[in-house]
Structures are given as C-alpha cells and as structure tokens.
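Asks: What follows is upload-v8.pdb, PDB, C-alpha atoms.
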ATOM      1  CA  MET B   1      38.053   9.874  -0.386
ATOM      2  CA  ASN B   2      35.541  12.019  -2.302
ATOM      3  CA  LYS B   3      33.675  13.620   0.628
ATOM      4  CA  ARG B   4      31.328  15.776  -1.465
ATOM      5  CA  GLY B   5      30.205  12.688  -3.438
ATOM      6  CA  THR B   6      29.611  10.701  -0.219
ATOM      7  CA  ASP B   7      27.531  13.600   1.221
ATOM      8  CA  LYS B   8      25.371  13.668  -1.920
ATOM      9  CA  ILE B   9      24.687   9.924  -1.736
ATOM     10  CA  LEU B  10      23.906  10.268   1.988
ATOM     11  CA  SER B  11      21.421  13.095   1.407
ATOM     12  CA  ILE B  12      19.671  11.174  -1.412
ATOM     13  CA  TYR B  13      19.544   8.099   0.836
ATOM     14  CA  TRP B  14      18.183  10.273   3.651
ATOM     15  CA  PHE B  15      15.418  11.706   1.452
ATOM     16  CA  VAL B  16      14.448   8.189   0.366
ATOM     17  CA  VAL B  17      14.192   7.187   4.040
ATOM     18  CA  LEU B  18      12.095  10.291   4.850
ATOM     19  CA  THR B  19       9.769   9.631   1.903
ATOM     20  CA  LEU B  20       9.318   6.020   3.009
ATOM     21  CA  ILE B  21       8.530   7.093   6.591
ATOM     22  CA  ALA B  22       6.086   9.769   5.393
ATOM     23  CA  GLY B  23       4.422   7.301   3.004
ATOM     24  CA  GLY B  24       4.105   4.720   5.784
ATOM     25  CA  ILE B  25       2.548   7.218   8.181
ATOM     26  CA  PHE B  26       0.103   8.505   5.517
ATOM     27  CA  ALA B  27      -0.902   4.910   4.758
ATOM     28  CA  MET B  28      -1.403   4.099   8.456
ATOM     29  CA  VAL B  29      -3.496   7.240   9.003
ATOM     30  CA  TYR B  30      -5.594   6.437   5.924
ATOM     31  CA  VAL B  31      -6.198   2.866   7.116
ATOM     32  CA  PHE B  32      -7.060   4.058  10.651
ATOM     33  CA  TYR B  33      -9.294   7.053   9.877
ATOM     34  CA  GLY B  34     -10.526   6.079   6.401
ATOM     35  CA  PRO B  35     -13.251   3.531   7.212
ATOM     36  CA  PRO B  36     -16.237   4.785   9.222
ATOM     37  CA  TYR B  37     -16.684   3.829  12.890
ATOM     38  CA  ASP B  38     -18.646   0.577  12.998
ATOM     39  CA  VAL B  39     -21.184   0.943  15.802
ATOM     40  CA  ARG B  40     -23.626  -1.712  14.570
ATOM     41  CA  GLY B  41     -22.458  -4.289  17.127
ATOM     42  CA  ILE B  42     -23.178  -1.907  20.015
ATOM     43  CA  GLU B  43     -26.411  -0.765  18.377
ATOM     44  CA  SER B  44     -27.741  -4.322  17.997
ATOM     45  CA  GLU B  45     -26.860  -5.058  21.654
ATOM     46  CA  ILE B  46     -28.730  -1.944  22.805
ATOM     47  CA  PHE B  47     -31.639  -2.936  20.556
ATOM     48  CA  ALA B  48     -31.785  -6.430  22.109
ATOM     49  CA  GLU B  49     -31.626  -4.923  25.620
ATOM     50  CA  ARG B  50     -34.495  -2.551  24.814
ATOM     51  CA  ILE B  51     -36.608  -5.426  23.488
ATOM     52  CA  ALA B  52     -35.894  -7.471  26.630
ATOM     53  CA  ASP B  53     -36.817  -4.511  28.869
ATOM     54  CA  CYS B  54     -40.046  -4.110  26.940
ATOM     55  CA  ILE B  55     -41.007  -7.791  27.284
ATOM     56  CA  SER B  56     -40.305  -8.236  30.961
ATOM     57  CA  ARG B  57     -39.691  -6.054  33.979
ATOM     58  CA  GLN B  58     -37.989  -7.680  36.970
ATOM     59  CA  GLY B  59     -38.483 -11.138  35.469
ATOM     60  CA  VAL B  60     -42.250 -10.881  34.919
ATOM     61  CA  ILE B  61     -43.566 -10.828  31.338
ATOM     62  CA  SER B  62     -45.809  -7.860  30.580
ATOM     63  CA  SER B  63     -49.521  -8.706  30.773
ATOM     64  CA  GLU B  64     -49.994  -7.293  27.244
ATOM     65  CA  PHE B  65     -48.389 -10.468  25.861
ATOM     66  CA  PHE B  66     -51.282 -12.596  27.109
ATOM     67  CA  SER B  67     -54.929 -12.795  26.301
ATOM     68  CA  GLY B  68     -56.442 -15.036  28.965
ATOM     69  CA  ASN B  69     -54.293 -18.190  29.168
ATOM     70  CA  LYS B  70     -52.963 -17.788  25.617
ATOM     71  CA  PHE B  71     -50.442 -15.502  23.977
ATOM     72  CA  ASN B  72     -51.910 -12.335  22.493
ATOM     73  CA  GLU B  73     -51.445 -12.608  18.707
ATOM     74  CA  ASP B  74     -52.155  -8.883  18.287
ATOM     75  CA  ILE B  75     -48.853  -8.055  19.961
ATOM     76  CA  THR B  76     -47.055  -8.625  16.628
ATOM     77  CA  SER B  77     -48.512  -5.466  15.102
ATOM     78  CA  LYS B  78     -48.412  -3.435  18.317
ATOM     79  CA  PHE B  79     -44.936  -4.363  19.557
ATOM     80  CA  ALA B  80     -42.881  -1.610  17.873
ATOM     81  CA  GLU B  81     -45.288   1.087  19.018
ATOM     82  CA  MET B  82     -45.582  -0.404  22.500
ATOM     83  CA  CYS B  83     -41.793  -0.392  22.924
ATOM     84  CA  ASN B  84     -41.354   3.092  21.394
ATOM     85  CA  PHE B  85     -39.396   1.929  18.349
ATOM     86  CA  ASN B  86     -39.117   4.110  15.277
ATOM     87  CA  PHE B  87     -37.512   2.397  12.302
ATOM     88  CA  ASN B  88     -37.326   5.459  10.043
ATOM     89  CA  VAL B  89     -33.783   6.143   8.885
ATOM     90  CA  GLU B  90     -32.018   8.926   7.003
ATOM     91  CA  LYS B  91     -32.057   8.916   3.184
ATOM     92  CA  ASP B  92     -28.530   7.448   2.785
ATOM     93  CA  TYR B  93     -29.849   3.874   2.893
ATOM     94  CA  GLY B  94     -31.966   3.793  -0.244
ATOM     95  CA  GLU B  95     -35.701   3.971  -0.814
ATOM     96  CA  GLY B  96     -37.378   3.425   2.559
ATOM     97  CA  GLU B  97     -35.421   0.261   3.311
ATOM     98  CA  VAL B  98     -35.806  -0.562   6.998
ATOM     99  CA  GLN B  99     -32.413  -1.205   8.577
ATOM    100  CA  TYR B 100     -33.682  -3.071  11.644
ATOM    101  CA  PHE B 101     -35.024  -6.547  12.316
ATOM    102  CA  TYR B 102     -36.069  -8.325  15.506
ATOM    103  CA  LYS B 103     -37.449 -11.752  16.311
ATOM    104  CA  VAL B 104     -38.760 -12.872  19.680
ATOM    105  CA  GLU B 105     -39.423 -16.521  20.582
ATOM    106  CA  PHE B 106     -41.064 -17.859  23.743
ATOM    107  CA  TYR B 107     -40.258 -21.442  24.816
ATOM    108  CA  THR B 108     -41.882 -23.300  27.681
ATOM    109  CA  VAL B 109     -39.421 -25.080  29.984
ATOM    110  CA  ARG B 110     -40.970 -28.420  28.920
ATOM    111  CA  ASP B 111     -40.101 -27.847  25.239
ATOM    112  CA  LEU B 112     -36.998 -25.821  24.517
ATOM    113  CA  VAL B 113     -36.930 -26.792  20.828
ATOM    114  CA  THR B 114     -40.241 -25.601  19.378
ATOM    115  CA  PRO B 115     -41.288 -22.073  20.344
ATOM    116  CA  SER B 116     -44.772 -21.845  21.820
ATOM    117  CA  PHE B 117     -45.087 -18.299  20.502
ATOM    118  CA  SER B 118     -42.956 -16.108  18.252
ATOM    119  CA  PHE B 119     -43.195 -12.859  16.370
ATOM    120  CA  PHE B 120     -40.917 -10.595  14.377
ATOM    121  CA  GLY B 121     -40.777  -7.087  12.930
ATOM    122  CA  GLY B 122     -38.670  -4.848  10.716
ATOM    123  CA  ASN B 123     -36.942  -5.937   7.524
ATOM    124  CA  SER B 124     -36.882  -9.763   7.463
ATOM    125  CA  ASN B 125     -34.252  -9.761   4.650
ATOM    126  CA  TRP B 126     -31.591  -9.095   7.273
ATOM    127  CA  GLU B 127     -32.269 -12.272   9.268
ATOM    128  CA  SER B 128     -30.506 -14.665   6.893
ATOM    129  CA  GLU B 129     -27.253 -12.685   7.216
ATOM    130  CA  CYS B 130     -27.029 -13.690  10.891
ATOM    131  CA  PHE B 131     -26.606 -17.352   9.994
ATOM    132  CA  ILE B 132     -23.768 -16.951   7.524
ATOM    133  CA  LYS B 133     -20.548 -18.166   9.063
ATOM    134  CA  LYS B 134     -18.453 -15.046   9.448
ATOM    135  CA  GLU B 135     -14.770 -15.676   9.332
ATOM    136  CA  ASN B 136     -12.229 -12.913   9.701
ATOM    137  CA  ASN B 137     -12.706 -11.970   6.102
ATOM    138  CA  LYS B 138     -13.261  -8.436   4.843
ATOM    139  CA  GLU B 139     -16.039  -9.590   2.509
ATOM    140  CA  TYR B 140     -18.225 -10.389   5.502
ATOM    141  CA  THR B 141     -17.976  -6.973   7.163
ATOM    142  CA  ARG B 142     -20.844  -5.637   5.014
ATOM    143  CA  LEU B 143     -23.245  -8.204   6.428
ATOM    144  CA  ALA B 144     -25.700  -7.088   9.091
ATOM    145  CA  LYS B 145     -24.656  -7.271  12.745
ATOM    146  CA  CYS B 146     -26.747  -9.514  14.943
ATOM    147  CA  THR B 147     -27.148 -10.029  18.675
ATOM    148  CA  GLU B 148     -28.860 -13.015  20.243
ATOM    149  CA  LYS B 149     -30.038 -12.661  23.787
ATOM    150  CA  ARG B 150     -31.842 -15.253  25.912
ATOM    151  CA  PHE B 151     -33.309 -15.069  29.381
ATOM    152  CA  TYR B 152     -35.926 -16.672  31.616
ATOM    153  CA  ALA B 153     -39.070 -14.893  32.781
ATOM    154  CA  VAL B 154     -42.419 -15.842  34.274
ATOM    155  CA  SER B 155     -45.937 -14.967  33.225
ATOM    156  CA  GLY B 156     -48.562 -13.547  35.605
ATOM    157  CA  ASP B 157     -49.668 -17.180  36.232
ATOM    158  CA  ARG B 158     -46.070 -18.021  37.258
ATOM    159  CA  ASP B 159     -45.465 -20.170  34.132
ATOM    160  CA  GLN B 160     -41.790 -20.116  33.282
ATOM    161  CA  TYR B 161     -40.598 -19.219  29.771
ATOM    162  CA  LEU B 162     -37.274 -19.075  27.999
ATOM    163  CA  ILE B 163     -37.279 -15.986  25.768
ATOM    164  CA  LYS B 164     -34.908 -15.720  22.825
ATOM    165  CA  ILE B 165     -34.363 -12.367  21.139
ATOM    166  CA  LEU B 166     -32.589 -11.824  17.847
ATOM    167  CA  SER B 167     -31.818  -8.209  16.995
ATOM    168  CA  VAL B 168     -30.264  -7.190  13.685
ATOM    169  CA  ILE B 169     -28.865  -3.889  12.420
ATOM    170  CA  GLY B 170     -28.190  -3.317   8.694
ATOM    171  CA  LYS B 171     -26.790   0.196   8.141
ATOM    172  CA  SER B 172     -23.663  -1.079   6.385
ATOM    173  CA  GLU B 173     -23.555   2.067   4.189
ATOM    174  CA  LYS B 174     -22.686   4.209   7.197
ATOM    175  CA  ASN B 175     -20.567   1.739   9.148
ATOM    176  CA  VAL B 176     -18.442  -0.094   6.598
ATOM    177  CA  LYS B 177     -16.226   1.314   3.868
ATOM    178  CA  GLN B 178     -18.053   0.789   0.566
TER
ATOM    179  CA  MET N 179      30.125  22.320   6.926
ATOM    180  CA  MET N 180      28.576  23.743  10.109
ATOM    181  CA  VAL N 181      25.897  25.591   8.073
ATOM    182  CA  GLU N 182      25.057  22.421   6.130
ATOM    183  CA  ASN N 183      24.542  20.495   9.385
ATOM    184  CA  ILE N 184      22.257  23.204  10.763
ATOM    185  CA  VAL N 185      20.194  23.243   7.546
ATOM    186  CA  PHE N 186      20.021  19.436   7.690
ATOM    187  CA  ILE N 187      18.777  19.487  11.320
ATOM    188  CA  ILE N 188      16.245  22.253  10.584
ATOM    189  CA  LEU N 189      14.875  20.309   7.611
ATOM    190  CA  ASN N 190      14.516  17.169   9.746
ATOM    191  CA  VAL N 191      12.738  19.057  12.544
ATOM    192  CA  LEU N 192      10.460  20.661   9.931
ATOM    193  CA  PHE N 193       9.652  17.259   8.452
ATOM    194  CA  LEU N 194       8.813  15.769  11.861
ATOM    195  CA  SER N 195       6.695  18.803  12.812
ATOM    196  CA  ILE N 196       4.674  18.529   9.595
ATOM    197  CA  LEU N 197       4.091  14.825  10.251
ATOM    198  CA  ILE N 198       2.974  15.426  13.858
ATOM    199  CA  LEU N 199       0.678  18.288  12.766
ATOM    200  CA  PHE N 200      -0.787  16.051  10.072
ATOM    201  CA  LEU N 201      -1.500  13.299  12.625
ATOM    202  CA  ILE N 202      -3.123  15.728  15.090
ATOM    203  CA  LYS N 203      -5.208  17.315  12.326
ATOM    204  CA  GLN N 204      -6.422  13.949  11.060
ATOM    205  CA  GLY N 205      -7.505  12.801  14.541
ATOM    206  CA  SER N 206      -9.432  15.982  15.275
ATOM    207  CA  GLY N 207     -10.709  16.783  11.789
ATOM    208  CA  ALA N 208     -14.309  17.818  11.244
ATOM    209  CA  ILE N 209     -15.211  14.680   9.255
ATOM    210  CA  VAL N 210     -13.934  12.315  11.961
ATOM    211  CA  LEU N 211     -15.392  14.284  14.892
ATOM    212  CA  GLU N 212     -18.800  14.862  13.279
ATOM    213  CA  GLN N 213     -19.162  11.144  12.650
ATOM    214  CA  ALA N 214     -17.922  10.175  16.124
ATOM    215  CA  TYR N 215     -20.223  12.637  17.916
ATOM    216  CA  SER N 216     -23.344  11.828  15.877
ATOM    217  CA  LYS N 217     -22.938   8.064  16.354
ATOM    218  CA  GLN N 218     -22.127   8.525  20.051
ATOM    219  CA  ILE N 219     -25.239  10.678  20.573
ATOM    220  CA  ALA N 220     -27.415   8.196  18.633
ATOM    221  CA  MET N 221     -26.199   5.302  20.832
ATOM    222  CA  ILE N 222     -26.790   7.337  24.003
ATOM    223  CA  VAL N 223     -30.323   8.248  22.895
ATOM    224  CA  ASP N 224     -31.048   4.599  22.012
ATOM    225  CA  SER N 225     -30.166   3.614  25.597
ATOM    226  CA  ALA N 226     -32.010   6.533  27.194
ATOM    227  CA  SER N 227     -35.512   6.664  28.634
ATOM    228  CA  PRO N 228     -37.881   9.625  28.950
ATOM    229  CA  VAL N 229     -37.191  12.237  31.624
ATOM    230  CA  MET N 230     -33.454  11.648  31.405
ATOM    231  CA  GLU N 231     -30.980  14.500  31.050
ATOM    232  CA  ILE N 232     -27.617  13.589  29.571
ATOM    233  CA  LYS N 233     -24.510  15.759  29.445
ATOM    234  CA  ILE N 234     -21.952  15.187  26.703
ATOM    235  CA  ASP N 235     -18.444  16.634  26.661
ATOM    236  CA  MET N 236     -17.873  18.130  23.205
ATOM    237  CA  GLU N 237     -14.882  20.346  24.015
ATOM    238  CA  LYS N 238     -12.955  19.286  20.896
ATOM    239  CA  GLY N 239     -16.040  19.898  18.774
ATOM    240  CA  LYS N 240     -16.478  23.377  20.263
ATOM    241  CA  LYS N 241     -12.901  24.370  19.348
ATOM    242  CA  LEU N 242     -13.323  23.049  15.825
ATOM    243  CA  ALA N 243     -16.715  24.720  15.334
ATOM    244  CA  GLU N 244     -15.287  28.062  16.490
ATOM    245  CA  ASP N 245     -12.294  27.674  14.156
ATOM    246  CA  ASN N 246     -14.671  26.990  11.260
ATOM    247  CA  GLY N 247     -16.988  29.913  12.088
ATOM    248  CA  ILE N 248     -19.920  27.692  13.180
ATOM    249  CA  ASP N 249     -22.101  28.624  16.154
ATOM    250  CA  PHE N 250     -21.501  25.802  18.655
ATOM    251  CA  GLY N 251     -25.095  26.211  19.870
ATOM    252  CA  GLU N 252     -26.267  24.920  16.497
ATOM    253  CA  ALA N 253     -23.702  22.148  16.075
ATOM    254  CA  VAL N 254     -26.100  19.391  17.179
ATOM    255  CA  ILE N 255     -29.503  19.196  15.500
ATOM    256  CA  ILE N 256     -31.993  16.429  16.243
ATOM    257  CA  ASN N 257     -34.726  16.163  13.672
ATOM    258  CA  GLY N 258     -37.226  13.376  14.296
ATOM    259  CA  ASN N 259     -35.087  10.343  15.021
ATOM    260  CA  ALA N 260     -31.915  11.520  13.269
ATOM    261  CA  VAL N 261     -29.052  13.370  14.879
ATOM    262  CA  THR N 262     -26.917  15.704  12.756
ATOM    263  CA  VAL N 263     -23.601  17.101  13.953
ATOM    264  CA  LYS N 264     -22.180  20.002  11.960
ATOM    265  CA  LEU N 265     -18.759  21.355  12.850
ATOM    266  CA  SER N 266     -17.763  22.861   9.500
ATOM    267  CA  LYS N 267     -19.626  24.964   6.959
ATOM    268  CA  LYS N 268     -19.640  22.337   4.217
ATOM    269  CA  GLY N 269     -19.777  19.253   6.425
ATOM    270  CA  GLY N 270     -22.376  17.606   8.650
ATOM    271  CA  TYR N 271     -22.996  13.963   9.541
ATOM    272  CA  THR N 272     -26.380  12.360  10.237
ATOM    273  CA  TYR N 273     -27.093   9.076  12.033
ATOM    274  CA  SER N 274     -30.486   7.733  13.065
ATOM    275  CA  PHE N 275     -31.621   6.179  16.345
ATOM    276  CA  PHE N 276     -34.515   3.752  16.848
ATOM    277  CA  ASN N 277     -35.736   5.023  20.218
ATOM    278  CA  ASP N 278     -38.978   6.912  19.506
ATOM    279  CA  VAL N 279     -38.494   9.765  21.951
ATOM    280  CA  LYS N 280     -38.266  13.534  21.725
ATOM    281  CA  VAL N 281     -34.703  14.755  22.304
ATOM    282  CA  SER N 282     -33.861  18.428  22.792
ATOM    283  CA  PRO N 283     -30.152  19.309  22.526
ATOM    284  CA  ARG N 284     -28.821  22.473  24.171
ATOM    285  CA  ALA N 285     -25.249  23.784  24.367
ATOM    286  CA  LEU N 286     -24.483  24.804  27.949
ATOM    287  CA  LYS N 287     -23.211  28.329  28.597
ATOM    288  CA  ASP N 288     -21.567  30.164  31.460
ATOM    289  CA  SER N 289     -20.420  33.783  31.840
ATOM    290  CA  LYS N 290     -17.506  33.161  29.428
ATOM    291  CA  GLY N 291     -19.676  31.635  26.700
ATOM    292  CA  TYR N 292     -20.145  28.013  25.653
ATOM    293  CA  THR N 293     -18.666  25.502  28.109
ATOM    294  CA  GLY N 294     -18.165  22.756  25.510
ATOM    295  CA  MET N 295     -20.859  20.602  27.122
ATOM    296  CA  TYR N 296     -24.130  19.633  25.460
ATOM    297  CA  LEU N 297     -27.275  18.765  27.402
ATOM    298  CA  LEU N 298     -29.697  16.271  25.864
ATOM    299  CA  THR N 299     -33.167  16.278  27.397
ATOM    300  CA  VAL N 300     -35.165  13.135  26.627
ATOM    301  CA  THR N 301     -38.952  13.316  26.853
ATOM    302  CA  GLU N 302     -41.835  11.199  25.611
ATOM    303  CA  LYS N 303     -43.153  12.119  22.171
ATOM    304  CA  ARG N 304     -46.803  11.867  23.228
ATOM    305  CA  GLU N 305     -46.111  14.124  26.215
ATOM    306  CA  VAL N 306     -44.693  16.773  23.884
ATOM    307  CA  ASN N 307     -47.584  16.409  21.416
ATOM    308  CA  ASN N 308     -50.088  17.019  24.204
ATOM    309  CA  GLU N 309     -48.460  20.304  25.203
TER
END
Would you encode the structure as structure tokens?

Replies:
Amino acid sequence: MNKRGTDKILSIYWFVVLTLIAGGIFAMVYVFYGPPYDVRGIESEIFAERIADCISRQGVISSEFFSGNKFNEDITSKFAEMCNFNFNVEKDYGEGEVQYFYKVEFYTVRDLVTPSFSFFGGNSNWESECFIKKENNKEYTRLAKCTEKRFYAVSGDRDQYLIKILSVIGKSEKNVKQ
Amino acid sequence: MMVENIVFIILNVLFLSILILFLIKQGSGAIVLEQAYSKQIAMIVDSASPVMEIKIDMEKGKKLAEDNGIDFGEAVIINGNAVTVKLSKKGGYTYSFFNDVKVSPRALKDSKGYTGMYLLTVTEKREVNNE
C-alpha cells in the first residue's frame, strides 16, 4: 500500500473538512451578529404602558380628559406634552420623519363598537402597517411594530369606559437589516 | 512519523483556538456592545420616571473602552433624548428614547478607578430648566 499517497489524500480531505467547519461557523456568526437587535416590540409595549399610565391612575381616568360631562377635545393637542413624550429622533431616519404613532379610543360599556371619543398623535402613516397580516416572512420584518392594549377605567363620575390603545414604533432603519 | 503527528495536532489546536477567539471577539466587539448598551439604556429610560436612579452593569464595555483607549467616564453620552455609547475611537451608536426627561449618566468610581457600573439619574426637564 502506498502510505505516503494515502497520507496526502487524508491531509487534503482534512483541510477540506476544516474549511467547511470554518465557513459554517463564519456564516453562523454573520447570521447571528449581522442584523441589528430588534427592540421595537419591547419599545412599543413600553410606549403603550406609558400611555395607559398617563390616561388613568389606579383605574380612574385623569380629570384632564373631561370638560364638564363631555370629553375634552383639547386633549388631542396637549396629550404628548402632558405625558412627557418627545418624538424627536436621531438623523438616521430621514428628514424629520416621526417614528412613533399612538391612537387612543374610549368606549362606553353600552357600545363597545363605536368609540365615544378618540384621538391620535405622531406619524399616522405607520398605522396602516399594523393591519397587514404578518406571516413569518422576512419581507414583513421592515414593517412597524405595533402593540394593542385595552383596559377598563372609570371617570370621576364613576362612568365605566373601555380604553383601547394602539402604539406603533417605526425605526426599521436601526432595528432591521436593510 | 511522530513529528508529523505532533505538527498535525498543533495545527488542529491552532485552528480551534483561532475559531474560539473569533467567536469571543465577535460577541464582545465594540459594534455589538455599543448597539446593545445604547438600546438597553434607551429602553430603561423609556420605562423610568423622574427622581429615579438606575445602575447599569457595563463591565464588558469598560474593558473594551480601556483596550481601545477611550475614557470609560465618557462612554455614555445623553444629548436631548438620544443616548450615544462610544467604546472605540471610530465607533459610537446612537438610539433615541421618547420619554421627555433629563437623564444624567455618570460612571461610578472607587479607590481603584472605574467600577464598570454606570448611574443614570432621571429628573424632570422643567425642574432642571428652573435651576
């Protein structure tokens, strides 16, 4: 048997195996560390929580939402300031494009279909992305992340309301591989 | 034959060591850590309320900043509502938070130098403006 020839074939085979292993590990590392961390899901949940905290404390809706027996329409323009929200973002997202959106709807317990009062703020272009059916497809990862939260609270007059909050975070440039 | 086997084993060990070093370096590289820390801090600030003090363990970041000749005390910069983490001379990663509060970051020190912990002090913006 030609031992030297067998050794040569073995070493070539071994180098092929090593190259394959190294290539596999490089590919795995690239796939794992390459795309940015996507924190938009957590961010939209925190955003919804903050909105809920701002609307009601211990189940009672803030008096600023009412003007006499009616809802205070002025709250729409004051809400972001009242809740200490700042929608300025770093320059990476394009010319002054707001990356946040929120919508709040109040329903009376007698009518849970038509909201008795609603308002929204931020960039309304993001809202439609929440209603696109997202399958486990990579093309959908660039869409905004949305969180819907609903809870019951009472007004100062003890009227009961169902409050629905929709919070949306864009920021795909910094959370999804472009 | 004995020498060939030894060379073969040494080459294999060398190959494995390089792979392990590569994996460790990738996981604790400046780009990955800067992004992780800045997003983590932004999420913490978003959940925070005024008069809170939050401590963050940035031990890995401290080691990396020192290796790259960056003062750890200046690794975290909060400008308006954007947090920037810089652990290498060329790098730096910025992420914004929506909570409109004033946040003051400070690297904690003891007798030996920086501890690797960062203290974030959250205060109201209006409160600060009045001072």

Asks: What do you get, as a short mmCIF file (atom, residue, chain, number, x, y, z; two decimals) with C-alpha atoms, in the frame of the given file, if you spell out every residue that the PyMOL selection byres ((chain B and resi 22-29) around 12) selects here?

Replies:
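Ended up saving to out.cif:
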data_model
loop_
_atom_site.label_atom_id
_atom_site.label_comp_id
_atom_site.auth_asym_id
_atom_site.auth_seq_id
_atom_site.Cartn_x
_atom_site.Cartn_y
_atom_site.Cartn_z
CA PHE B 15 15.42 11.71 1.45
CA VAL B 16 14.45 8.19 0.37
CA VAL B 17 14.19 7.19 4.04
CA LEU B 18 12.10 10.29 4.85
CA THR B 19 9.77 9.63 1.90
CA LEU B 20 9.32 6.02 3.01
CA ILE B 21 8.53 7.09 6.59
CA TYR B 30 -5.59 6.44 5.92
CA VAL B 31 -6.20 2.87 7.12
CA PHE B 32 -7.06 4.06 10.65
CA TYR B 33 -9.29 7.05 9.88
CA GLY B 34 -10.53 6.08 6.40
CA PRO B 35 -13.25 3.53 7.21
CA PHE N 193 9.65 17.26 8.45
CA LEU N 194 8.81 15.77 11.86
CA SER N 195 6.70 18.80 12.81
CA ILE N 196 4.67 18.53 9.60
CA LEU N 197 4.09 14.82 10.25
CA ILE N 198 2.97 15.43 13.86
CA PHE N 200 -0.79 16.05 10.07
CA LEU N 201 -1.50 13.30 12.62
CA ILE N 202 -3.12 15.73 15.09
CA LYS N 203 -5.21 17.32 12.33
CA GLN N 204 -6.42 13.95 11.06
CA GLY N 205 -7.50 12.80 14.54
CA VAL N 210 -13.93 12.32 11.96
#

Asks: Grab the CA of Leu211 (chain N) to CA of Leu199 (chain N) distance for me, in Å with one decimal place.

Replies: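 Value for the CA of Leu211 (chain N)-CA of Leu199 (chain N) distance: 16.7 Å.
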
Asks: Expand the ChimeraX specification (/B :<8) & /N into the explicit residue set it covers here, and present it as a list in words.

Replies: Leu197, Leu201, Gln204, Gly205, Val210, Gln213, Ala214, Lys217, Met221, Asp224, Ser225, Asn259, Ala260, Thr272, Tyr273, Ser274, Phe275, Phe276, Asn277, Asp278 and Val279 of chain N

Asks: For the file shown, what are the residues hit by the PyMOL selection byres ((chain B and resi 142) around 12), laid out as a PyMOL selection string?

Replies: chain B and resi 38+40+126+129-130+132+134+137-141+143-145+169-178

Asks: Out of N:Pro228, N:Phe186, N:Pro283, N:Asp288, which residue has the shortest atom-to-atom distance to Thr262 (chain N) when counting only C-alpha atoms?

Replies: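 Counting only C-alpha atoms, the residue closest to Thr262 (chain N) is N:Pro283.
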
Asks: Choose the residue, out of N:Met295, N:Ala226, N:Val185, N:Val281, that has the smallest atom-to-atom separation from Phe250 (chain N); count only C-alpha atoms.

Replies: N:Met295

Asks: Hey, which of N:Lys280, N:Asn257, N:Ile188, N:Thr299 ends up closest to Glu231 (chain N)? Count only C-alpha atoms.

Replies: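 Under the stated criterion, the closest residue is N:Thr299.
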
Asks: Let me make sure I understand: among N:Val191, N:Lys238, N:Ile184, N:Ser282, which one has the smallest atom-to-atom distance to Thr301 (chain N) if we use all atoms listed in the file?

Replies: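 The shortest atom-to-atom distance to Thr301 (chain N) comes from N:Ser282.
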
Asks: So how many Å separate CA of Lys287 (chain N) and CA of Ile209 (chain N), to one decimal?

Replies: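 So the two atoms, CA of Lys287 (chain N) and CA of Ile209 (chain N), lie 25.0 Å apart.
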
Asks: Restricting the calculation to all atoms listed in the file: of N:Val181, N:Ile187, N:Ile256, N:Val263, which residue gets closest to Val223 (chain N)?

Replies: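 Checking each candidate against Val223 (chain N), we get N:Ile256 as the closest.
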
Asks: Would you compute the distance between CA of Asn69 (chain B) and CA of Phe117 (chain B)? Give it in Å to one decimal.

Replies: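 We find that CA of Asn69 (chain B) and CA of Phe117 (chain B) lie 12.6 Å from each other.
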
Asks: Skipping near chain neighbours, those fewer than 6 positions away, what residues fall within 12 Å of Arg150 (chain B) using only C-alpha atoms, listed as a list in words?

Replies: Ala48, Glu49, Ile51, Ala52, Ile55, Lys103, Val104, Glu105, Phe106, Tyr107, Leu112, Tyr161, Leu162, Ile163, Lys164, Ile165, Leu166 and Ser167 of chain B

Asks: Within 9 Å of (-19.5, 24.4, 7.1) (coordinates as in the file), grab all the protein and nucleic acid residues, counting all atoms listed in the file, and write them out as a list of chain:residue names.

Replies: N:Ala243, N:Asn246, N:Gly247, N:Ile248, N:Lys264, N:Leu265, N:Ser266, N:Lys267, N:Lys268, N:Gly269, N:Gly270

Asks: Of the candidates N:Ala220, N:Leu189, N:Met180, N:Val229, which shows the shortest atom-to-atom distance to Val300 (chain N), using only C-alpha atoms?

Replies: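 The shortest atom-to-atom distance to Val300 (chain N) comes from N:Val229.
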
Asks: Give me the residues near Val60 (chain B) as a CSV table (one decimal) with C-alpha atoms, in the frame of the given file, where near means some atom within 12 Å (using all atoms listed in the file) and where sequence neighbours in that chain fewer than 3 positions away do not count.

Replies:
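File written: part00.csv
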chain,number,residue,atom,x,y,z
B,52,ALA,CA,-35.9,-7.5,26.6
B,53,ASP,CA,-36.8,-4.5,28.9
B,54,CYS,CA,-40.0,-4.1,26.9
B,55,ILE,CA,-41.0,-7.8,27.3
B,56,SER,CA,-40.3,-8.2,31.0
B,57,ARG,CA,-39.7,-6.1,34.0
B,63,SER,CA,-49.5,-8.7,30.8
B,64,GLU,CA,-50.0,-7.3,27.2
B,65,PHE,CA,-48.4,-10.5,25.9
B,151,PHE,CA,-33.3,-15.1,29.4
B,152,TYR,CA,-35.9,-16.7,31.6
B,153,ALA,CA,-39.1,-14.9,32.8
B,154,VAL,CA,-42.4,-15.8,34.3
B,155,SER,CA,-45.9,-15.0,33.2
B,156,GLY,CA,-48.6,-13.5,35.6
B,157,ASP,CA,-49.7,-17.2,36.2
B,158,ARG,CA,-46.1,-18.0,37.3
B,159,ASP,CA,-45.5,-20.2,34.1
B,160,GLN,CA,-41.8,-20.1,33.3
B,161,TYR,CA,-40.6,-19.2,29.8
B,162,LEU,CA,-37.3,-19.1,28.0
B,163,ILE,CA,-37.3,-16.0,25.8
